[in-house]
Amino acid sequence: MSVRVRFAPSPTGYLHVGGARTALFNWLYARHHGGTFLLRIEDTDEARNTDAAMAAIFEGLRWLGLDWDEGPEAGGNCGPYFQSQRQAIYDAYLEKLTAAGRTYVEPDGAVRFKFSRAAITVHDLVCGDVTFAPTEEPDMTIRRGNGGYIFHFVNVVDDIEMDITHVIRGEDHLSNTWKHIDLFHAFGKEAPTYAHVPLILNPTGSKMSKRDEGSAIQSYVDKGFLPEAVFNYLCLLGWTPRTEGEKLSRETLVALFDAAEIHSANARFDMQKCTWFNAQYLRELSPEGLLAAARPFLQQAGLTWIDEAMAAAAIFSVKEKVSLLSEIPAWVHYFFREDYPFEEEVMAKLKAKPENSILLTAAREAFAAQSEWTEASVHTAVEEAAKVCAVKMGALMPLLRFALSGQSRGPGVATIAHLVGKDSTVRRIDRALALHLH
RNA sequence: GACCCCUUCGUCUAGCGGUUAGGACACAUCCCUUUCAGGAUGCGACACGAGUUCGAUUCUCGUAGGGGUCGCCA
């Protein structure tokens, strides 16, 4: 039988990292085995569902590249994939249970499932065999007084109806799994194979909540993470492919993934490491690719341009200096405007040395005298100016970067000057001289 | 409270009876340097206590600690 796994979120909040990683493991498992990954929306609690949450789930999964083979907007033979639309199926299953003498109705109409009250063993790929002693808990409610069905019931019914072979879900469900197995047995079915994956904890060691940094998948988009970086990092939280390096392609991760190797211990979320992965992936992008990824952030910062190639080159010149796309505008804004601000602290330091204006003026003359304008010629001009003033290049370069960009850190001076052009370079020095360094 | 899961550097982890306990992120120092980046080195862990064994990080039990579950939420 081919592998069929599902991610079954309920649209009551934004897509959470824990949920995303559960989806990710399901997806990896399906892809590794050439199986089917389904998405099922568990929206049986009308009061708590929202359209926004539903949209966030779809968007988040798509952003991470977790495409589903069956489910909303994808179709499939086991639909509908919204539990809110499967009432008739649940009614039929409830009848089966009732016919088997396993239900009873409360005075207010709620229906309860009679537990078998036998010992039940969960066969779990991650935790091994976990046996639960005969329960003393009250029989569980499977249908509300108002007719709506409860999670445990619909979850099991749908896993049966959708031929789910492996249930990969958060460890918070482990303690309830015996109830599900009891239901499977009551329906005369074998339970699927389980894999309960550990939880993602915040840096403090408690369960990630909405307030914790990195909790919502949307926050990664907003901060300028690349989906492949988040994908890579999340894979390595609770599972290790035991490879030499940790930066691994999607294909490699799919090929190496094994649910039985998922850890059974919870893992703390480390934003620094996730960010490091992002920096690694950022460096792989082409100038065009980087510009495309950074575009929303540049627009948000109000930066505009006409020359796409120049913009791409400008952004590409700082790609090794940033970890997140959201950091890019601050590193490149001066490429797109000549009224950039000057860092105050640096300005104060430079002002203290009157000779700086002489150096800048010398550089300005050397630039103005250039007939061609390449990175090499810019560099030559700086060398000439340094010679004339009898100073080292190390004294001139930081000063020039500051004049041309208003910042003390950035790409090489030759790169900046070349990209903004000769006229702008001269204007920028003039402005620096006129404005401050005189 | 009952039940379940878990426990190796600060964090993610390798290890599956004998290792100088390895790597990554972070951190520190040094090198390079026009800043950023980069390179090198270093710092740093088997929760504790009993067993089993010639020998335990590794196997068993207990303790402690962490997490989770016990809803007409999912």
# chains A, B, ... in the order shown; residues from 1 in each chain; ligands from 1

$ residues_around --residues "U60 of chain B" --least-positions-apart "5" --cutoff "12 Å" --atoms "only C-alpha atoms (C1' of nucleotides)" --output "number ranges by chain"
B: 50-52

$ write_last_selection --atoms "N, CA and C atoms (P, O5', C5', C4', C3', O3' and C1' of nucleotides)" --output "short mmCIF file (atom, residue, chain, number, x, y, z; two decimals), in the first residue's frame"
data_model
loop_
_atom_site.label_atom_id
_atom_site.label_comp_id
_atom_site.auth_asym_id
_atom_site.auth_seq_id
_atom_site.Cartn_x
_atom_site.Cartn_y
_atom_site.Cartn_z
P A B 50 26.32 5.93 43.63
"O5'" A B 50 25.23 4.84 44.02
"C5'" A B 50 25.41 3.50 43.62
"C4'" A B 50 24.08 2.79 43.60
"C3'" A B 50 24.13 1.47 42.86
"O3'" A B 50 24.54 0.42 43.72
"C1'" A B 50 22.34 2.76 42.02
P G B 51 25.91 -0.35 43.36
"O5'" G B 51 25.75 -0.60 41.79
"C5'" G B 51 25.82 -1.90 41.28
"C4'" G B 51 24.43 -2.43 40.96
"C3'" G B 51 24.45 -3.39 39.80
"O3'" G B 51 24.53 -4.71 40.28
"C1'" G B 51 22.97 -1.57 39.33
P U B 52 25.85 -5.54 39.94
"O5'" U B 52 25.63 -5.91 38.40
"C5'" U B 52 24.40 -6.53 38.00
"C4'" U B 52 24.34 -6.60 36.50
"C3'" U B 52 25.68 -6.88 35.84
"O3'" U B 52 25.98 -8.27 35.83
"C1'" U B 52 24.61 -5.07 34.75
#

$ closest_atom_pairs --of "chain A" --to "chain B" --cutoff "6 Å" --atoms "only C-alpha atoms (C1' of nucleotides)" --output "JSON lines"
{"residue": "A:Arg144", "atom": "CA", "partner": "B:C72", "partner_atom": "C1'", "distance": 4.4}
{"residue": "A:Asp172", "atom": "CA", "partner": "B:G68", "partner_atom": "C1'", "distance": 5.3}
{"residue": "A:Ser175", "atom": "CA", "partner": "B:U69", "partner_atom": "C1'", "distance": 4.9}
{"residue": "A:Ala265", "atom": "CA", "partner": "B:C6", "partner_atom": "C1'", "distance": 5.0}
{"residue": "A:Lys273", "atom": "CA", "partner": "B:C25", "partner_atom": "C1'", "distance": 4.9}
{"residue": "A:Lys321", "atom": "CA", "partner": "B:C36", "partner_atom": "C1'", "distance": 5.3}
{"residue": "A:Gly394", "atom": "CA", "partner": "B:U34", "partner_atom": "C1'", "distance": 5.8}
{"residue": "A:Met397", "atom": "CA", "partner": "B:U34", "partner_atom": "C1'", "distance": 5.0}
{"residue": "A:Pro398", "atom": "CA", "partner": "B:U34", "partner_atom": "C1'", "distance": 5.5}
{"residue": "A:Arg409", "atom": "CA", "partner": "B:U35", "partner_atom": "C1'", "distance": 4.3}

$ residues_around --residues "Ala52 of chain A" --least-positions-apart "5" --cutoff "10 Å" --atoms "only C-alpha atoms (C1' of nucleotides)" --output "ChimeraX atom specification"
/A:11-14,57

$ select_by_dssp --residues "segment 106-352 of chain A" --states "strand (DSSP E)" --output "ChimeraX atom specification"
/A:111-113,120-124,128-132,140-143,166-170,193-197,200-201,267-268

$ select_by_dssp --residues "segment 46-210 of chain A" --states "alpha helix (DSSP H)" --output "PyMOL selection string"
chain A and resi 51-63+87-99+151-161+177-186

$ write_last_selection --atoms "C-alpha atoms" --output "CSV table (one decimal), in the first residue's frame"
chain,number,residue,atom,x,y,z
A,51,ASP,CA,-11.1,33.0,6.8
A,52,ALA,CA,-7.9,34.8,7.6
A,53,ALA,CA,-6.5,31.8,9.4
A,54,MET,CA,-7.5,29.6,6.5
A,55,ALA,CA,-5.7,31.9,4.1
A,56,ALA,CA,-2.6,32.0,6.3
A,57,ILE,CA,-2.4,28.2,6.2
A,58,PHE,CA,-2.6,28.0,2.5
A,59,GLU,CA,-0.1,30.9,2.0
A,60,GLY,CA,2.3,29.6,4.6
A,61,LEU,CA,2.4,26.1,3.2
A,62,ARG,CA,2.8,27.4,-0.4
A,63,TRP,CA,5.5,29.8,0.7
A,87,GLN,CA,-21.5,15.9,8.1
A,88,ALA,CA,-23.2,13.1,6.2
A,89,ILE,CA,-20.1,10.9,6.4
A,90,TYR,CA,-19.9,11.5,10.2
A,91,ASP,CA,-23.5,10.7,10.6
A,92,ALA,CA,-23.0,7.4,8.8
A,93,TYR,CA,-20.0,6.5,11.0
A,94,LEU,CA,-21.9,7.4,14.1
A,95,GLU,CA,-24.6,5.0,13.1
A,96,LYS,CA,-22.0,2.2,12.7
A,97,LEU,CA,-20.7,2.9,16.2
A,98,THR,CA,-24.2,3.0,17.6
A,99,ALA,CA,-25.1,-0.3,15.8
A,151,PHE,CA,-12.1,16.4,16.9
A,152,HIS,CA,-11.2,12.8,18.1
A,153,PHE,CA,-14.1,11.3,16.2
A,154,VAL,CA,-13.8,13.2,12.9
A,155,ASN,CA,-10.1,12.9,12.9
A,156,VAL,CA,-10.3,9.1,13.0
A,157,VAL,CA,-13.3,8.9,10.6
A,158,ASP,CA,-11.4,11.0,8.1
A,159,ASP,CA,-8.2,9.1,8.5
A,160,ILE,CA,-10.2,5.9,7.7
A,161,GLU,CA,-12.1,7.5,4.8
A,177,THR,CA,-3.7,8.5,20.7
A,178,TRP,CA,-5.1,5.5,22.6
A,179,LYS,CA,-8.6,7.1,22.3
A,180,HIS,CA,-8.1,7.2,18.5
A,181,ILE,CA,-7.0,3.6,18.4
A,182,ASP,CA,-9.9,2.6,20.5
A,183,LEU,CA,-12.1,4.2,17.8
A,184,PHE,CA,-10.3,2.6,14.9
A,185,HIS,CA,-10.9,-0.8,16.6
A,186,ALA,CA,-14.5,0.0,17.2

$ atom_distance --atom1 "atom CA of Ala414 of chain A" --atom2 "atom CA of Ser286 of chain A"
20.7 Å

$ atom_distance --atom1 "atom CA of Asp163 of chain A" --atom2 "atom CA of Gly147 of chain A"
25.4 Å

$ atom_distance --atom1 "atom CA of Asp108 of chain A" --atom2 "atom CA of His173 of chain A"
28.3 Å

$ closest_residue --among "B:A21, B:C48, B:C9, B:C32" --to "U63 of chain B" --atoms "only C-alpha atoms (C1' of nucleotides)"
B:C48

$ residues_around --residues "segment 244-256 of chain A" --least-positions-apart "4" --cutoff "8 Å" --atoms "only C-alpha atoms (C1' of nucleotides)" --output "list of chain:residue names"
A:Leu28, A:Tyr29, A:Arg31, A:His32, A:Glu228, A:Asn232, A:Cys235, A:Leu236, A:Phe277, A:Gln280, B:G23, B:A24
